[in-house]
Amino acid sequence: MDIDPSKASVVAESMGRAAAQILPFRIGLSGLGMFPNQNKPRVLWAGVAGDMARLTELQEATEKELVELVFPKTEGHLTHI
């Protein structure tokens with residue numbers, strides 16, 4: 001989603017409020033890849049491992065803050081395998 005530059009500071013503040021609600025946790029990269037291939041990448045993905053429950057809490061808290069700023073709610077982009 002593109003964000004109007006005039007809203008950048010408001011978005012940053014909202015994300016800070018969301019992060020303040022979550023206890024610290026650890027995650028790390030568990031893989032990188034791209035689609036459709038390395039020669040013509042259109043999508044870059046990063047796998048993460050660690051405290052996925054806390055990461056999901058952060059995603060939900062961030063979404064709640066941003067929806068309150070009139071950003072449309074989207075389907076989550078955290079994929080659990």
# chains A, B, ... in the order shown; residues from 1 in each chain; ligands from 1
>>> residues_around(residues="region 28-41 of chain A", least_positions_apart="6", cutoff="10 Å", atoms="only C-alpha atoms", output="list in words")
Gly47, Val48, Ala49, Gly50 and Asp51 of chain A
>>> residues_around(residues="region 6-16 of chain A", least_positions_apart="4", cutoff="8 Å", atoms="only C-alpha atoms", output="PyMOL selection string")
chain A and resi 20+62+65-66
>>> write_last_selection(atoms="N, CA and C atoms", output="PDB file, in the first residue's frame")
ATOM      1  N   ALA A  20       4.465  -0.725  21.370  1.00  0.00           N
ATOM      2  CA  ALA A  20       4.554  -0.540  22.819  1.00  0.00           C
ATOM      3  C   ALA A  20       3.633  -1.488  23.584  1.00  0.00           C
ATOM      4  N   THR A  62      -0.763  -3.530  15.104  1.00  0.00           N
ATOM      5  CA  THR A  62      -0.430  -2.535  14.086  1.00  0.00           C
ATOM      6  C   THR A  62      -1.615  -2.301  13.165  1.00  0.00           C
ATOM      7  N   GLU A  65      -4.268  -0.172  14.882  1.00  0.00           N
ATOM      8  CA  GLU A  65      -3.890   1.244  14.913  1.00  0.00           C
ATOM      9  C   GLU A  65      -4.078   1.899  13.546  1.00  0.00           C
ATOM     10  N   LEU A  66      -3.661   1.211  12.491  1.00  0.00           N
ATOM     11  CA  LEU A  66      -3.730   1.814  11.156  1.00  0.00           C
ATOM     12  C   LEU A  66      -5.154   1.884  10.625  1.00  0.00           C
TER      13      LEU A  66
END
